[in-house]
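Next comes input06.txt, with compact mmCIF, C-alpha atoms and all ligand atoms.
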# COMPACT_ATOMS: atom_id res chain seq x y z
CA ASP D 1 -10.80 10.41 -17.42
CA TRP D 2 -7.23 11.37 -16.54
CA THR D 3 -4.65 9.93 -18.93
CA PRO D 4 -0.98 10.88 -19.22
CA ASP D 5 -1.43 11.73 -22.91
CA SER D 6 -4.29 14.11 -22.31
CA PHE D 7 -2.46 15.64 -19.35
CA VAL D 8 0.54 16.37 -21.57
CA GLU D 9 -1.59 17.86 -24.32
CA GLU D 10 -3.65 20.04 -22.00
CA THR D 11 -0.70 21.15 -19.91
CA VAL D 12 1.45 22.05 -22.91
CA ASN D 13 -1.42 24.08 -24.35
CA SER D 14 -2.13 25.92 -21.15
CA LEU D 15 1.59 26.59 -20.56
CA LYS D 16 1.82 28.09 -24.04
CA GLU D 17 -1.09 30.33 -23.31
CA GLN D 18 0.09 31.29 -19.83
CA LEU D 19 3.72 31.95 -20.77
CA GLY D 20 3.54 33.33 -24.31
CA ASP D 21 7.01 34.63 -25.19
CA ASP D 22 8.11 34.95 -21.56
CA LYS D 23 11.35 33.45 -20.32
CA VAL D 24 11.32 30.82 -17.61
CA VAL D 25 14.10 29.55 -15.36
CA LEU D 26 14.02 26.09 -13.81
CA GLY D 27 16.40 24.30 -11.47
CA LEU D 28 17.02 20.73 -12.53
CA SER D 29 17.99 18.26 -9.83
CA GLY D 30 18.54 15.14 -11.91
CA GLY D 31 15.41 13.65 -10.39
CA VAL D 32 12.12 12.65 -11.92
CA ASP D 33 9.99 15.64 -10.96
CA SER D 34 12.15 18.51 -12.15
CA SER D 35 13.02 16.58 -15.33
CA VAL D 36 9.39 15.92 -16.26
CA ALA D 37 8.44 19.51 -15.45
CA ALA D 38 11.29 20.67 -17.71
CA MET D 39 10.16 18.43 -20.56
CA LEU D 40 6.60 19.77 -20.42
CA LEU D 41 7.88 23.34 -20.47
CA HIS D 42 10.35 22.51 -23.23
CA LYS D 43 7.48 21.25 -25.36
CA ALA D 44 5.52 24.40 -24.65
CA ILE D 45 8.14 27.15 -24.95
CA GLY D 46 11.37 25.54 -26.26
CA LYS D 47 14.44 27.73 -25.89
CA ASN D 48 12.64 30.20 -23.65
CA LEU D 49 13.06 27.62 -20.92
CA HIS D 50 16.44 28.12 -19.24
CA CYS D 51 17.43 25.20 -17.05
CA ILE D 52 20.11 25.34 -14.39
CA PHE D 53 21.68 22.20 -12.95
CA VAL D 54 23.84 22.87 -9.91
CA ASN D 55 26.53 20.53 -8.71
CA ASN D 56 26.52 20.95 -4.94
CA GLY D 57 29.38 18.48 -4.56
CA LEU D 58 27.02 16.14 -2.72
CA LEU D 59 25.66 14.24 -5.67
CA ARG D 60 26.29 10.57 -6.37
CA LYS D 61 29.42 9.33 -8.08
CA ASN D 62 29.70 10.80 -11.63
CA GLU D 63 26.16 12.07 -11.34
CA PHE D 64 26.81 15.65 -12.41
CA SER D 65 28.36 14.81 -15.77
CA THR D 66 26.10 11.84 -16.55
CA VAL D 67 22.92 13.74 -15.81
CA LEU D 68 24.07 16.88 -17.61
CA ASP D 69 24.82 14.81 -20.73
CA ARG D 70 21.41 13.25 -20.52
CA TYR D 71 19.70 16.63 -20.28
CA GLU D 72 21.61 17.91 -23.28
CA GLY D 73 20.60 14.78 -25.15
CA MET D 74 16.97 15.60 -24.41
CA GLY D 75 17.41 18.92 -26.19
CA LEU D 76 17.03 21.00 -23.06
CA ASN D 77 18.55 24.45 -22.86
CA VAL D 78 20.60 23.65 -19.75
CA LYS D 79 23.53 25.20 -17.96
CA GLY D 80 25.58 23.06 -15.58
CA VAL D 81 27.11 25.02 -12.70
CA ASP D 82 29.77 23.35 -10.60
CA ALA D 83 29.53 25.02 -7.20
CA SER D 84 30.93 22.09 -5.19
CA ALA D 85 33.65 24.12 -3.52
CA ARG D 86 31.20 26.79 -2.40
CA PHE D 87 28.93 24.24 -0.77
CA LEU D 88 31.73 22.33 0.94
CA GLU D 89 33.11 25.58 2.27
CA ALA D 90 29.73 26.57 3.71
CA LEU D 91 29.45 23.14 5.33
CA ALA D 92 32.93 22.98 6.82
CA GLY D 93 32.89 22.02 10.49
CA GLU D 94 29.08 21.87 10.66
CA SER D 95 27.59 18.70 12.20
CA ASP D 96 24.06 19.73 13.06
CA PRO D 97 21.60 18.19 10.55
CA GLU D 98 19.29 21.18 10.33
CA LYS D 99 22.16 23.64 10.09
CA LYS D 100 23.64 21.56 7.29
CA ARG D 101 20.31 21.65 5.44
CA LYS D 102 20.01 25.41 5.95
CA ALA D 103 23.56 26.04 4.73
CA ILE D 104 22.92 24.00 1.60
CA GLY D 105 19.58 25.73 1.01
CA ARG D 106 21.19 29.13 1.41
CA VAL D 107 24.10 28.45 -0.94
CA PHE D 108 21.76 26.87 -3.47
CA ILE D 109 19.62 29.98 -3.53
CA GLU D 110 22.70 32.21 -3.87
CA VAL D 111 24.07 30.19 -6.77
CA PHE D 112 20.71 29.83 -8.45
CA ASP D 113 19.94 33.50 -8.01
CA ASP D 114 23.25 34.54 -9.61
CA GLU D 115 22.57 32.28 -12.56
CA ALA D 116 18.95 33.35 -12.92
CA HIS D 117 19.97 37.01 -12.94
CA ALA D 118 22.40 36.30 -15.73
CA ILE D 119 19.44 35.39 -17.96
CA GLU D 120 18.01 38.56 -19.40
CA ASN D 121 14.36 39.36 -18.83
CA VAL D 122 13.43 36.16 -17.08
CA THR D 123 10.04 36.54 -15.40
CA TRP D 124 9.03 33.05 -14.35
CA LEU D 125 10.43 30.39 -12.07
CA ALA D 126 9.30 26.86 -12.83
CA GLN D 127 9.38 24.18 -10.16
CA GLY D 128 8.84 20.43 -10.21
CA THR D 129 6.67 20.56 -7.10
CA ILE D 130 4.31 17.59 -6.88
CA TYR D 131 1.21 17.15 -4.78
CA PRO D 132 2.85 15.43 -1.76
CA ASP D 133 5.40 18.31 -1.57
CA VAL D 134 2.52 20.75 -1.31
CA ILE D 135 1.00 18.80 1.56
CA GLU D 136 4.31 18.27 3.38
CA SER D 137 5.29 21.91 3.15
CA VAL D 138 2.03 22.83 4.87
CA SER D 139 2.98 20.66 7.82
CA VAL D 140 6.32 22.41 8.11
CA THR D 141 4.48 25.50 9.28
CA GLY D 142 2.15 23.95 11.76
CA GLY D 143 0.92 20.40 11.32
CA PRO D 144 1.76 17.53 13.64
CA SER D 145 5.02 16.86 11.84
CA ALA D 146 6.06 20.50 12.11
CA THR D 147 9.74 20.98 11.35
CA ILE D 148 10.80 17.39 11.80
CA LYS D 149 13.06 18.04 8.84
CA SER D 150 13.15 21.25 6.85
CA HIS D 151 12.95 20.01 3.28
CA HIS D 152 14.26 22.89 1.29
CA ASN D 153 12.75 22.24 -2.11
CA VAL D 154 9.44 23.93 -1.43
CA GLY D 155 8.93 27.60 -0.70
CA GLY D 156 12.64 28.28 -0.44
CA LEU D 157 12.58 31.31 -2.70
CA PRO D 158 13.87 34.65 -1.50
CA ASP D 159 11.34 37.44 -1.97
CA TYR D 160 13.75 39.60 -3.89
CA MET D 161 13.72 37.20 -6.81
CA LYS D 162 10.21 38.41 -7.59
CA LEU D 163 9.58 35.77 -10.17
CA LYS D 164 6.16 34.40 -10.93
CA ILE D 165 5.87 30.71 -10.15
CA VAL D 166 4.77 27.99 -12.53
CA GLU D 167 4.36 24.43 -11.22
CA PRO D 168 2.92 22.13 -13.87
CA LEU D 169 3.03 18.97 -11.70
CA LYS D 170 1.45 20.44 -8.60
CA MET D 171 -1.63 18.22 -8.75
CA LEU D 172 0.17 14.95 -9.50
CA PHE D 173 1.44 12.06 -7.45
CA LYS D 174 4.83 10.52 -8.19
CA ASP D 175 3.50 7.56 -10.16
CA GLU D 176 1.47 9.94 -12.33
CA VAL D 177 4.56 12.06 -12.93
CA ARG D 178 6.39 8.92 -14.12
CA ARG D 179 3.52 8.07 -16.46
CA VAL D 180 3.49 11.61 -17.85
CA GLY D 181 7.23 11.32 -18.48
CA ALA D 182 6.75 7.98 -20.22
CA SER D 183 4.08 9.41 -22.47
CA MET D 184 6.66 12.01 -23.59
CA ASP D 185 9.10 9.16 -24.35
CA MET D 186 11.52 10.17 -21.64
CA ASP D 187 14.38 7.86 -20.72
CA LYS D 188 13.12 4.90 -18.64
CA GLU D 189 16.15 4.96 -16.41
CA LEU D 190 15.58 8.60 -15.59
CA LEU D 191 11.89 8.03 -14.84
CA GLY D 192 12.64 5.04 -12.64
CA ARG D 193 15.18 6.81 -10.46
CA HIS D 194 14.78 6.56 -6.73
CA PRO D 195 14.06 9.80 -4.89
CA PHE D 196 17.22 11.55 -3.74
CA PRO D 197 17.17 14.33 -1.15
CA GLY D 198 18.04 17.90 -2.17
CA PRO D 199 20.90 18.10 0.36
CA GLY D 200 22.22 14.89 -1.17
CA LEU D 201 24.99 12.99 0.55
CA ALA D 202 25.33 15.77 3.15
CA ILE D 203 22.55 14.22 5.20
CA ARG D 204 23.99 10.72 4.68
CA ILE D 205 27.34 11.69 6.13
CA LEU D 206 26.50 11.91 9.80
CA GLY D 207 28.36 14.73 11.45
CA ASP D 208 30.65 17.12 9.63
CA ILE D 209 31.43 16.87 5.93
CA THR D 210 34.79 16.70 4.22
CA SER D 211 35.62 15.96 0.60
CA ASP D 212 37.26 12.69 1.70
CA LYS D 213 34.06 11.54 3.37
CA VAL D 214 32.06 12.50 0.28
CA ARG D 215 34.40 10.43 -1.88
CA ILE D 216 34.17 7.39 0.40
CA LEU D 217 30.39 7.56 0.50
CA GLN D 218 30.14 8.02 -3.27
CA GLU D 219 32.13 4.83 -3.78
CA VAL D 220 30.07 2.85 -1.29
CA ASP D 221 26.79 4.18 -2.68
CA ALA D 222 27.82 3.34 -6.26
CA ILE D 223 28.65 -0.26 -5.33
CA PHE D 224 25.32 -0.67 -3.53
CA ILE D 225 23.14 1.00 -6.18
CA ASN D 226 24.87 -0.70 -9.14
CA GLY D 227 24.56 -4.00 -7.31
CA LEU D 228 20.83 -3.47 -6.89
CA LYS D 229 20.56 -2.75 -10.62
CA GLU D 230 22.67 -5.72 -11.69
CA ASN D 231 20.61 -8.04 -9.53
CA GLY D 232 17.22 -6.81 -10.70
CA LEU D 233 16.46 -5.34 -7.29
CA TYR D 234 16.57 -1.61 -8.03
CA ASP D 235 12.98 -1.34 -9.28
CA LYS D 236 11.68 -3.39 -6.37
CA VAL D 237 12.93 -0.78 -3.94
CA TRP D 238 11.43 2.69 -3.48
CA GLN D 239 14.62 4.30 -2.25
CA ALA D 240 18.09 3.07 -1.35
CA GLY D 241 21.35 4.57 -0.28
CA ALA D 242 24.32 4.34 2.03
CA ILE D 243 25.11 6.27 5.18
CA LEU D 244 28.59 7.05 6.47
CA LEU D 245 28.56 6.75 10.23
CA PRO D 246 30.71 8.87 12.52
CA VAL D 247 32.01 5.64 14.07
CA GLN D 248 35.32 3.86 13.75
CA SER D 249 35.57 0.25 14.68
CA VAL D 250 38.30 -2.32 14.90
CA GLY D 251 38.82 -4.78 12.11
CA VAL D 252 41.51 -7.04 10.72
CA MET D 253 42.95 -6.99 7.22
CA GLY D 254 45.60 -9.63 6.50
CA ASP D 255 47.71 -9.56 9.68
CA GLU D 256 46.97 -5.92 10.33
CA ARG D 257 44.60 -4.43 12.83
CA THR D 258 42.46 -1.72 11.22
CA TYR D 259 40.48 1.06 12.82
CA GLU D 260 38.20 2.43 10.12
CA ASN D 261 34.76 3.73 9.24
CA CYS D 262 31.44 1.95 9.35
CA VAL D 263 28.75 2.40 6.70
CA ALA D 264 25.07 1.52 6.86
CA LEU D 265 23.04 0.42 3.87
CA ARG D 266 19.37 1.39 3.72
CA ALA D 267 16.66 0.24 1.32
CA VAL D 268 12.98 0.97 1.85
CA GLU D 269 9.61 0.26 0.35
CA SER D 270 7.15 3.13 0.40
CA THR D 271 4.52 4.88 -1.67
CA ASP D 272 5.11 8.48 -0.69
CA GLY D 273 7.97 8.52 1.81
CA MET D 274 5.62 9.34 4.69
CA THR D 275 5.83 5.79 5.98
CA ALA D 276 8.33 3.15 4.91
CA ASP D 277 9.36 -0.43 5.55
CA TRP D 278 12.89 -1.74 5.31
CA VAL D 279 13.33 -4.16 2.44
CA ASN D 280 14.16 -7.78 3.00
CA LEU D 281 17.08 -7.87 0.54
CA PRO D 282 18.49 -11.35 -0.14
CA TYR D 283 21.27 -12.33 2.28
CA GLU D 284 23.56 -13.35 -0.56
CA PHE D 285 23.20 -9.95 -2.12
CA LEU D 286 24.00 -8.22 1.17
CA GLN D 287 26.95 -10.52 1.73
CA LYS D 288 28.40 -9.85 -1.69
CA THR D 289 27.81 -6.12 -1.42
CA SER D 290 29.46 -5.96 1.99
CA ASN D 291 32.53 -7.86 0.75
CA THR D 292 32.87 -5.67 -2.30
CA ILE D 293 32.59 -2.47 -0.27
CA ILE D 294 35.13 -3.54 2.33
CA ASN D 295 37.58 -4.86 -0.27
CA ARG D 296 37.33 -1.92 -2.62
CA VAL D 297 36.67 1.16 -0.55
CA LYS D 298 39.65 2.27 1.43
CA GLY D 299 38.62 3.61 4.81
CA VAL D 300 35.67 1.29 5.37
CA ASN D 301 36.01 -1.93 7.38
CA ARG D 302 32.44 -2.60 8.48
CA VAL D 303 29.00 -2.63 6.80
CA VAL D 304 25.66 -2.85 8.56
CA TYR D 305 22.12 -3.06 7.18
CA ASP D 306 19.40 -0.80 8.57
CA ILE D 307 16.32 -2.79 9.59
CA SER D 308 14.26 0.09 10.96
CA SER D 309 10.93 1.16 9.55
CA LYS D 310 9.33 4.61 9.43
CA PRO D 311 7.89 5.48 11.86
CA PRO D 312 9.55 5.59 14.27
CA ALA D 313 12.80 5.79 12.32
CA THR D 314 12.93 8.16 9.33
CA ILE D 315 14.26 7.13 5.92
CA GLU D 316 17.32 9.36 6.16
CA TRP D 317 19.42 9.23 9.32
CA GLU D 318 19.54 13.00 9.65
P1 LIG B 1 12.63 11.12 5.92
O1 LIG B 1 14.08 11.00 6.27
O2 LIG B 1 12.00 12.38 6.43
O3 LIG B 1 12.58 11.23 4.34
O4 LIG B 1 11.84 9.89 6.28
C1 LIG B 1 11.41 11.17 3.57
C2 LIG B 1 11.80 11.45 2.14
O5 LIG B 1 12.26 12.80 2.03
C3 LIG B 1 13.60 12.84 1.58
N1 LIG B 1 14.27 13.90 2.33
C4 LIG B 1 14.57 15.09 1.80
N2 LIG B 1 14.36 15.59 0.57
N3 LIG B 1 15.38 17.61 1.24
C5 LIG B 1 14.78 16.85 0.29
O6 LIG B 1 14.63 17.32 -0.84
C6 LIG B 1 15.61 17.18 2.51
O7 LIG B 1 16.16 17.89 3.34
C7 LIG B 1 15.18 15.85 2.79
N4 LIG B 1 15.22 15.09 3.92
C8 LIG B 1 14.67 13.89 3.60
C9 LIG B 1 14.16 11.46 1.86
O8 LIG B 1 15.25 11.16 0.99
C10 LIG B 1 12.94 10.58 1.64
O9 LIG B 1 12.74 10.34 0.26
Do you think you could lay out the structure here as structure tokens?
Amino acid sequence: DWTPDSFVEETVNSLKEQLGDDKVVLGLSGGVDSSVAAMLLHKAIGKNLHCIFVNNGLLRKNEFSTVLDRYEGMGLNVKGVDASARFLEALAGESDPEKKRKAIGRVFIEVFDDEAHAIENVTWLAQGTIYPDVIESVSVTGGPSATIKSHHNVGGLPDYMKLKIVEPLKMLFKDEVRRVGASMDMDKELLGRHPFPGPGLAIRILGDITSDKVRILQEVDAIFINGLKENGLYDKVWQAGAILLPVQSVGVMGDERTYENCVALRAVESTDGMTADWVNLPYEFLQKTSNTIINRVKGVNRVVYDISSKPPATIEWE
């Protein structure tokens, strides 16, 4: 029978055997999958695992420093690379969703490749690929959902990197990954994190991206997500986030007419992200969240709640 404990034991043993004294590089995203993969490898090969955590400037508020601290606290050999400016530059003026994804994917590979080359004699690339990623990436090349969205976290490696691939979670579903993490005593908050897309807030800012828009969305997102946590709703939701719409609307603040941005809040229930239902969040919670956002975040005067399910809507708006 499959148990998380036996999975950890067997995987650590087979990683030891497979990797010996080889060096491995792994890109951490702050999410569950890459973190659990890193922990398994850390148990197997310790300091021979070199982790890289890239700040693409599109993470959540304070996420880069908080997550980096957490990784260091876990004993991981991790290097944080702040490449925000490089990503924002590559994205400047670009509004097309797929072109934004491609630009982010390209810069990520450039940054990661530079960092990986700086590690001497590295021969392996580890990835936190899980079973649903394997299935979805197949459909990108031909299935019925071909290229609906080009998720860049699978198969995005340039040939010239010539690293061997190790993917310890490839046969697991998300809930199994969380259980494996728990059996290694990993932080509960980390294991319970909602999925967050690789391109981050870039695909939640509809249209072109500027650092001002990123800042506005980070503030809105933080109010929403912290509110979910404070009200015991975070764990009841599979994924949640805020979207900055390319729409200004008229409002009134005191005696003044305003003409500001509109944000949408989205919270979904799902098991694998392939289908999803919008969550019936309590009206009082939505009311309070909306008031807080409009009062605190300069540049936002309207909040809407997304009540579309997938299909036909997708979880992200881009
Ligand atoms: P959609 O919007 O396709 O999202 O219903 C399904 C799940 O995939 C995530 N998502 C992405 N993840 N790169 C990623 O790593 C992407 O480009 C991307 N687009 C969507 C989304 O957050 C949801 O969990």
Q: List all protein, DNA and RNA residues that have an atom no more than 10 Å from any atom of ligand LIG 1 (chain B), counting only C-alpha atoms and all ligand atoms, and report them as a count of residues only.
A: 50
**Q.** Contacts of Ala116 in chain D at 9 Å (all atoms listed in the file; same-chain gap of 5+ positions) as a ChimeraX atom specification
**A.** /D:25-26,50,52,111,122,161
Hey, can you spit out that residue selection with C-alpha atoms as a compact mmCIF listing (two decimals), keeping the file's coordinate frame?
# COMPACT_ATOMS: atom_id res chain seq x y z
CA VAL D 25 14.10 29.55 -15.36
CA LEU D 26 14.02 26.09 -13.81
CA HIS D 50 16.44 28.12 -19.24
CA ILE D 52 20.11 25.34 -14.39
CA VAL D 111 24.07 30.19 -6.77
CA VAL D 122 13.43 36.16 -17.08
CA MET D 161 13.72 37.20 -6.81
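Reported to one decimal place, the separation of CA of Asp96 in chain D from CA of Ile216 in chain D is 20.4 Å.
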Within 12 Å of Asp185 in chain D, counting only C-alpha atoms, which residues qualify if same-chain residues fewer than 3 places away don't, as a short mmCIF file (atom, residue, chain, number, x, y, z; two decimals) with C-alpha atoms, keeping the file's coordinate frame?
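Output file out.cif is given in full below:
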data_model
loop_
_atom_site.label_atom_id
_atom_site.label_comp_id
_atom_site.auth_asym_id
_atom_site.auth_seq_id
_atom_site.Cartn_x
_atom_site.Cartn_y
_atom_site.Cartn_z
CA PRO D 4 -0.98 10.88 -19.22
CA ASP D 5 -1.43 11.73 -22.91
CA VAL D 8 0.54 16.37 -21.57
CA VAL D 36 9.39 15.92 -16.26
CA MET D 39 10.16 18.43 -20.56
CA LEU D 40 6.60 19.77 -20.42
CA MET D 74 16.97 15.60 -24.41
CA ARG D 178 6.39 8.92 -14.12
CA ARG D 179 3.52 8.07 -16.46
CA VAL D 180 3.49 11.61 -17.85
CA GLY D 181 7.23 11.32 -18.48
CA ALA D 182 6.75 7.98 -20.22
CA LYS D 188 13.12 4.90 -18.64
CA GLU D 189 16.15 4.96 -16.41
CA LEU D 190 15.58 8.60 -15.59
CA LEU D 191 11.89 8.03 -14.84
#
Q. What is the distance, in Å and to one decimal place, between CA of Asn301 in chain D and CA of Val252 in chain D?
A. 8.2 Å
Q.
Applying 10 Å and only C-alpha atoms, which residues near Tyr131 in chain D remain after dropping the ones on its own chain fewer than 5 positions away? List them as a PyMOL selection string.
A. chain D and resi 136+169-174
(Q) Excluding Arg302 in chain D and its own-chain neighbours fewer than 2 positions away, which residues fall within 9 Å of it when counting all atoms listed in the file? Please give them as a PyMOL selection string. (A) chain D and resi 248-251+260-264+290+293-294+300+304
Q: Would you kindly return, as a ChimeraX atom specification, each protein, DNA or RNA residue with an atom no farther than 7 Å from any atom of Val24 in chain D, considering only C-alpha atoms and excluding same-chain residues fewer than 4 positions away?
A: /D:48-50,122-126
Same residues, C-alpha atoms, saved as an mmCIF file, in the frame of the given file:
data_model
loop_
_atom_site.group_PDB
_atom_site.id
_atom_site.type_symbol
_atom_site.label_atom_id
_atom_site.label_comp_id
_atom_site.auth_asym_id
_atom_site.auth_seq_id
_atom_site.Cartn_x
_atom_site.Cartn_y
_atom_site.Cartn_z
ATOM 1 C CA ASN D 48 12.640 30.200 -23.650
ATOM 2 C CA LEU D 49 13.060 27.620 -20.920
ATOM 3 C CA HIS D 50 16.440 28.120 -19.240
ATOM 4 C CA VAL D 122 13.430 36.160 -17.080
ATOM 5 C CA THR D 123 10.040 36.540 -15.400
ATOM 6 C CA TRP D 124 9.030 33.050 -14.350
ATOM 7 C CA LEU D 125 10.430 30.390 -12.070
ATOM 8 C CA ALA D 126 9.300 26.860 -12.830
#
Q: Between D:Gln218, D:Asn56, D:Asn280, D:Ser35, single out the one closest to Leu76 in chain D, counting all atoms listed in the file.
A: D:Ser35
